[in-house]
Amino acid sequence: MISVRKLWKEYDGQVVLENLNLEVGDHEFVTVVGASGCGKTTFLRMLLGEEQPTRGEFLIDGQPLPDEPGPDRGIVFQRYSVFPHLTVLQNVLLGLEFERAPLLGRLFGARRAEAVEKAEAMLQAVGLYEARHKFPSALSGGMQQRLSIAQSIVKQPKILLLDEPFGALDPGISADMHRLILRLWDEHKMTIFMITHDLKDTRLLVFDKTRLDMQAPEAYGATITYDIPLHVTTPALLRELNEAKTRTERFADVVAVGG
Amino acid sequence: MISVRKLWKEYDGQVVLENLNLEVGDHEFVTVVGASGCGKTTFLRMLLGEEQPTRGEFLIDGQPLPDEPGPDRGIVFQRYSVFPHLTVLQNVLLGLEFERAPLLGRLFGARRAEAVEKAEAMLQAVGLYEARHKFPSALSGGMQQRLSIAQSIVKQPKILLLDEPFGALDPGISADMHRLILRLWDEHKMTIFMITHDLKDTRLLVFDKTRLDMQAPEAYGATITYDIPLHVTTPALLRELNEAKTRTERFADVVAVGG
Amino acid sequence: AADKPKFKLAWSIYVGWMPWDYAAKEGIVKKWADKYGIDIEVVQINDYVESINQYTTGQFDACVMTNMDALTIPAAGGVDSTALIIGDFSNGNDGVVLKGKGKTLKDIKGQKVNLVELSVSHYLLARGLDSVGLKERDIKVVNTSDADMVAAFATADVTATVTWNPLLGEITAMPNTSQVFDSSKIPGEIIDLTVVNSDTLKKHPALGKALTGAWYETMQVMSGKDAAATKARTFMATASGTDLAGYDAQLATTKMFYTPAEAVAFALTPELLKTMDYVRTFSFEHGILGEGAKNADAVGMAFPGGKTLGDVKNVKLRFITDYMKLAADGKL
Amino acid sequence: MRRLINQRPNGVSAPLLGALPFILLLLVYIVASQARLAENPNDKLLPGLDSLVSAIQQVATEPDKRSGALILWRDTAASLVRLGTGVAISALAALLFGIATGALPYARATLSPFIAALALIPPLAILPVLFIVFGLGETSKIVLIVFGIAPFIMRDVAMRVGELPGEQIIKAQTLGANSWQLILRVITPQILPRLLDAVRLALGAAWLFLIAAEAIAAEDGLGYRIFLVRRYLAMDLILPYVAWITLLAFLTDWLLRVANAKLFPWYQGGARRS
Amino acid sequence: MRRLINQRPNGVSAPLLGALPFILLLLVYIVASQARLAENPNDKLLPGLDSLVSAIQQVATEPDKRSGALILWRDTAASLVRLGTGVAISALAALLFGIATGALPYARATLSPFIAALALIPPLAILPVLFIVFGLGETSKIVLIVFGIAPFIMRDVAMRVGELPGEQIIKAQTLGANSWQLILRVITPQILPRLLDAVRLALGAAWLFLIAAEAIAAEDGLGYRIFLVRRYLAMDLILPYVAWITLLAFLTDWLLRVANAKLFPWYQGGARRS
Ligand SMILES: Nc1ncnc2c1ncn2[C@@H]1O[C@H](COP(=O)(O)OP(=O)(O)OP(=O)(O)O)[C@@H](O)[C@H]1O
Ligand SMILES: Nc1ncnc2c1ncn2[C@@H]1O[C@H](COP(=O)(O)OP(=O)(O)OP(=O)(O)O)[C@@H](O)[C@H]1O
Ligand SMILES: [Mg+2]
Ligand SMILES: [Mg+2]
């Protein structure tokens, strides 16, 4: 259960998020959309504990968020989220080794075999078992993202954060991956926040600026403008949302020119 | 008028394109789609003169293609296609200066004023007039791509090549840009080849492999599998194409794993 | 063996100091050290100045150096030093060379002179200029590393140089040069010493005895006419990067004190005092007696027979004959 | 408790922490110096702070007995002129050859193995050859610097040319550029800030060669002075000179960095390497 | 005609072109040498090829009269041991301090200004100090190398740590890594190949310092020999020694490059800098 109350986030006087209020239950799948630069990633970074809110409350199960990332909240970035110096299997093992080998960060013998078994099962689930002894550089972009997801999920986080996980992939692959995520979400019962540009049928949060000042574009921040429950999205609504998004982005262009 | 006859392209034994045949008339707009790695960019690079065909003919107006890039064929890449050390205006001026100042590559006085006028008109057309004294680093991604387009079109090329010009942009902006390109195409009467992942209603070439050998995935190349004239595309067809694309891409993944 | 007192002697390559290398490598030093129940390590150092600096800062108990450097580096640095052995003096081993045939020292006027600044070369030049009524103002001194002196002289930029052997030999061997002044004109003024820290010597006379004994045994070997002498000198020649003929040529312009008696006699002449007076005046005028030195008297020197120069309360350089005398009397 | 990697000193404590090692070093020096001076008041190795200060004062404000010049400033001027000339020549040569080898495949094939070999030769080892060819005057000092750093900068420049996105080169050709125009308007302007970066990297080596050259033959200069007074172990002068050289090295580096930011506002790469 | 920038020599002509400057240099040398020898048959500056060959033969195959050793090999061994030790110590120190300052903000705040200042001090200027503190044995030579290159490699390593994508560090924390595990399993393994690259860059300087140190205090070593015979202008020995050092420098660089490729197959960055 995540509660956000009257959350503000500013960077040196630039208001990025203003007056954000949100309740998300366990095992919800939340898609976050919004124009570029409107603060979606900033919101995720606060959830991670990498950034602190300027004002307002950010609670998980009634507790303030820890002030640094931890194993209960997994993350998949758009890029750089696997370790290039580890093979696919080692990448997935890593989280288990951190947990069970505090000193060396490495498991041996029977304990390793047990962890390997778990990791391999995870790799089966994301279809990377065959590639388990390759280095990430030998994988396609889509495979790397699947690896990053497997790596996070093997730790069984309560919350999984995805920041445009398929933004760098072809649309076809992206659709496949989306199905994979939904399946894993279903199997592992975690809460998912996913930032994306593709609108799919999940609960949907739209971030946008409600106030604009052409003279001082940095004075106001974005907030949640739409919060649409599961299965309510219609094609017409999607079109409307997309239009709204485009408008803000076009405005962002103007700001960049005038600034 | 571009004619391609029995074109093959191989890299060290890897067949990338096989038996490609194509006729494109003046002032056509050709969209090229196809799975990642199927040779779309390779095709464009041959058109540019950067690469030579392994076998077959590649003719423009009946003449073999020149063996290096030249001002009759403009190009817009996905990235790095503007010059970061020149302002927006200087970026557009550059092509005019190359033409008219062979020694210094720089115009002065009245001749410069005349070129500036032409460049500024071009910037007006792509909506960058206000930003003309900025450096590209101060522009958004969409603005940089518009600049790159302006830069090419001011040279009035007979053929304009675009390699996923909006691949790195948000879908909303991408749609805007697409409209811009269509308008410019209409005004400047050139032939356009555009590689993209978005299917829009223009003449459409689909590149795909027709033969697959799981044991030797590099033995066969792609060729043109669909060549669909203007205004014929229906939503059902688009869906079918998208499906086909996804299938090949999934195959590409398998190859990457097995190889 | 572990509690045997240990001492270190630093030496650098020069004709008059090569015997230390031979004495060390042939076991002569060890023999004498054993006799007095001590350990002596003999260390070669490429860079002459560095070896004196090391001695001055206390890394070595003994070191070879010229009389002038003994005054300006350890003594001026407050390290009470004793000239244990007077090995030789330069008798033509240092010289002033001009380019061109038939030149005289007077021709140096107005030229740039390449030399190791503030070294005995500089001193030799000053004495030479004196002898023809010139001042240092009349020339321009360019500091040049000794390792590169020969190459430097081969260039057109360099027209005058002051240097020592073997560089001097290499340079005078070049066509179209004149040696216009050399140390044989000021005999006994450039003296090569083996210097020991006075406190250490006081505490461990055995060190003085062992070193002196080893030195004069080596002198005896090398000064002979027999095969052993030739072998010894050949050894020294190769170690200094030349051959027997080259080394003998250098010896010819060096007044070696092969016997302790000669050295004692030299130390007792009043000329030694006069020389050191020249040296300290030169040093003071060139600002190398130390920052605190108000005049040339700042650093005191003691000579055999109780004679002194300068501040008697600050005697830092002592010329003694005690150990050489023991050797001369065969009491070692 | 946050993880160590997430704990950051704040704006006040960071500079204090940074000053700590310097203060410690100073303390160690003072203690060691006093210990040695207590044993031998004339000790030259670790002079007290007062001797350091008075030595600085003397060379900076009192005319030298022999030449009548203010030694510190004369030495500094002489050294900076040599350094500046050497570095400027190296930069120019690097620009010419670096761009040629970076942009023209034929020039690359011909010259780059040779430049690579040049870069490997330790310049100190071939000093005599340099002397003979270039004489012993100012030229040879400058040549030593050039010989020491130019091949390095050349290779760096050539590499940076190679790093320019191929897309730009193609694009310029589609805009009608010939090879010369491409070098003049696309490559050179983008290489200039990178050249300044390369020069900054090479400055340390340039100082080194300057000092080595001045140690071998000179009448003035910072390196000359250090090696001259080494003859009588005048650490009271050597230490301030070393500190002064370090400060000068810092200032030149800083100046180049600022110049780069001011001259090439569009250039971001510098930050990465600062 | 294609543009110059598009004209590429083929597989046969490229190596030929590359050999051209070397052949030219050799020719110039032979002509100049013969001219000088014709004037003065005893000229030592540019010895003929035959003297070079015989000098090499002598040091490489004939035992030295004095020590009975084969000089060239003894010098090479002595120098390589010093170089290897110095570089190894520098690399180790750089790994420790570089990773500490790169990964831990407190360590960075405390140490990096000091390391930056250290890197600016020209080591040759404080040679006397180093000798006095570390004595004249092998230690001081190794210390000079360490002092000369370690601060540079440290800064490079710290910078490379900073260049690791922040995403990786965050990701590792969400996988439960503490600071120590993060350094051990995420940072260090990725830094090792970059460290080798930094060492390769620093090798030139290491050779320089080795030669400078051997010039002052040593009984063998390549630098020692060059300085010993420099007094006699024995170019017939100096030139082959310089060529030999250059070859050794090339080989060590090549070995490190190959080692990097073999040890860290996942690492691509090396190519960029080769
Ligand atoms: N560390 C920071 N310091 C200052 N400003 C920041 C910082 N991080 C983000 N910002 C600013 O906050 C705003 C929101 O950034 P954020 O990355 O959250 O946007 P986003 O919605 O994720 O955009 P995108 O879709 O492009 O990823 C931007 O204007 C950005 O410039
Ligand atoms: N210079 C080259 N040398 C060897 N192989 C190459 C070269 N350039 C391209 N290829 C290969 O040719 C194939 C086609 O590449 P190309 O870049 O044309 O694909 P694409 O259709 O543009 O893919 P994408 O949508 O990912 O851009 C790929 O398998 C690629 O590895
Ligand atoms: Mg974002
Ligand atoms: Mg492509």
# chains A, B, ... in the order shown; residues from 1 in each chain; ligands from 1

$ residues_near_ligand --ligand "ligand 3" --cutoff "12 Å" --atoms "only C-alpha atoms and all ligand atoms" --output "list in words"
Val32, Val33, Gly34, Ala35, Ser36, Gly37, Cys38, Gly39, Lys40, Thr41, Thr42, Phe43, Leu44, Arg45, Phe77, Gln78, Arg79, Leu162, Asp163, Glu164, Pro165, Gly167, Met194, Ile195, Thr196, His197 and Phe207 of chain A; Asp170 of chain B

$ interface_residues --of "chain B" --to "chain E" --cutoff "10 Å" --atoms "only C-alpha atoms" --output "list in words"
Glu50, Pro66, Asp67, Glu68 and Pro69 of chain B

$ closest_atom_pairs --of "chain E" --to "chain C" --cutoff "9 Å" --atoms "only C-alpha atoms" --output "Markdown table"
| residue | atom | partner | partner_atom | distance |
| --- | --- | --- | --- | --- |
| E:Asn40 | CA | C:Pro175 | CA | 8.8 |
| E:Asp43 | CA | C:Met174 | CA | 8.6 |
| E:Leu45 | CA | C:Ala151 | CA | 8.3 |
| E:Asp64 | CA | C:Thr238 | CA | 9.0 |
| E:Lys65 | CA | C:Thr238 | CA | 7.5 |
| E:Arg66 | CA | C:Phe235 | CA | 6.1 |
| E:Pro128 | CA | C:Glu50 | CA | 7.3 |
| E:Phe131 | CA | C:Gln54 | CA | 7.7 |
| E:Ile132 | CA | C:Gln54 | CA | 6.2 |
| E:Gly135 | CA | C:Gln59 | CA | 7.1 |
| E:Leu136 | CA | C:Ile45 | CA | 8.0 |
| E:Glu214 | CA | C:Asn46 | CA | 8.2 |
| E:Ala215 | CA | C:Asn46 | CA | 6.5 |
| E:Ile216 | CA | C:Asp47 | CA | 4.7 |
| E:Ala217 | CA | C:Ile45 | CA | 4.8 |
| E:Ala218 | CA | C:Asn46 | CA | 6.4 |
| E:Glu219 | CA | C:Gln44 | CA | 6.9 |
| E:Tyr224 | CA | C:Asn46 | CA | 8.0 |
| E:Phe227 | CA | C:Ala147 | CA | 6.6 |
| E:Leu228 | CA | C:Gly241 | CA | 6.9 |
| E:Val229 | CA | C:Gly241 | CA | 6.6 |
| E:Arg230 | CA | C:Ala147 | CA | 6.1 |
| E:Arg231 | CA | C:Ala147 | CA | 4.9 |
| E:Tyr232 | CA | C:Glu170 | CA | 6.5 |
| E:Leu233 | CA | C:Ala151 | CA | 6.2 |

$ closest_atom_pairs --of "chain E" --to "chain D" --cutoff "8 Å" --atoms "only C-alpha atoms" --output "tab-separated table"
residue	atom	partner	partner_atom	distance
E:Arg3	CA	D:Ser179	CA	5.8
E:Leu4	CA	D:Ser179	CA	5.9
E:Ile5	CA	D:Leu104	CA	4.8
E:Asn6	CA	D:Pro105	CA	7.5
E:Gln7	CA	D:Pro105	CA	6.6
E:Arg8	CA	D:Pro105	CA	5.3
E:Pro9	CA	D:Tyr106	CA	6.0
E:Ala14	CA	D:Ala109	CA	5.3
E:Pro15	CA	D:Ala109	CA	7.2
E:Leu17	CA	D:Thr110	CA	4.6
E:Gly18	CA	D:Thr110	CA	4.3
E:Ala19	CA	D:Thr110	CA	7.4
E:Leu20	CA	D:Thr110	CA	6.9
E:Pro21	CA	D:Phe114	CA	6.5
E:Phe22	CA	D:Phe114	CA	6.8
E:Leu45	CA	D:Val129	CA	7.7
E:Ala103	CA	D:Ile5	CA	6.1
E:Leu104	CA	D:Ile5	CA	4.8
E:Pro105	CA	D:Arg8	CA	5.2
E:Tyr106	CA	D:Pro9	CA	6.1
E:Ala109	CA	D:Ala14	CA	5.3
E:Thr110	CA	D:Gly18	CA	4.3
E:Leu111	CA	D:Gly18	CA	6.3
E:Ser112	CA	D:Gly18	CA	7.3
E:Pro113	CA	D:Gly18	CA	5.9
E:Phe114	CA	D:Pro21	CA	6.5
E:Ala117	CA	D:Thr246	CA	7.5
E:Leu120	CA	D:Thr246	CA	5.5
E:Ile121	CA	D:Thr246	CA	5.0
E:Pro122	CA	D:Leu208	CA	5.9
E:Pro123	CA	D:Leu208	CA	7.6
E:Leu124	CA	D:Leu208	CA	6.7
E:Ala125	CA	D:Val242	CA	6.3
E:Ile126	CA	D:Val242	CA	7.1
E:Pro128	CA	D:Arg230	CA	7.5
E:Met159	CA	D:Arg273	CA	7.7
E:Asn178	CA	D:Arg3	CA	6.4
E:Ser179	CA	D:Arg3	CA	5.8
E:Gly204	CA	D:Leu120	CA	6.7
E:Ala205	CA	D:Ala205	CA	7.8
E:Trp207	CA	D:Pro122	CA	6.9
E:Leu208	CA	D:Pro122	CA	6.1
E:Ile211	CA	D:Leu124	CA	7.7
E:Ala212	CA	D:Leu124	CA	7.8
E:Gly223	CA	D:Ala125	CA	7.5
E:Ile226	CA	D:Ala125	CA	7.0
E:Arg230	CA	D:Pro128	CA	7.8
E:Leu233	CA	D:Pro128	CA	7.7
E:Ile238	CA	D:Ala125	CA	7.8
E:Leu239	CA	D:Ile126	CA	7.7
E:Val242	CA	D:Ala125	CA	6.3
E:Ala243	CA	D:Ile121	CA	7.6
E:Ile245	CA	D:Ile121	CA	7.3
E:Thr246	CA	D:Ile121	CA	5.0
E:Ala249	CA	D:Leu120	CA	6.3
E:Phe250	CA	D:Leu120	CA	6.8
E:Arg273	CA	D:Met159	CA	7.6
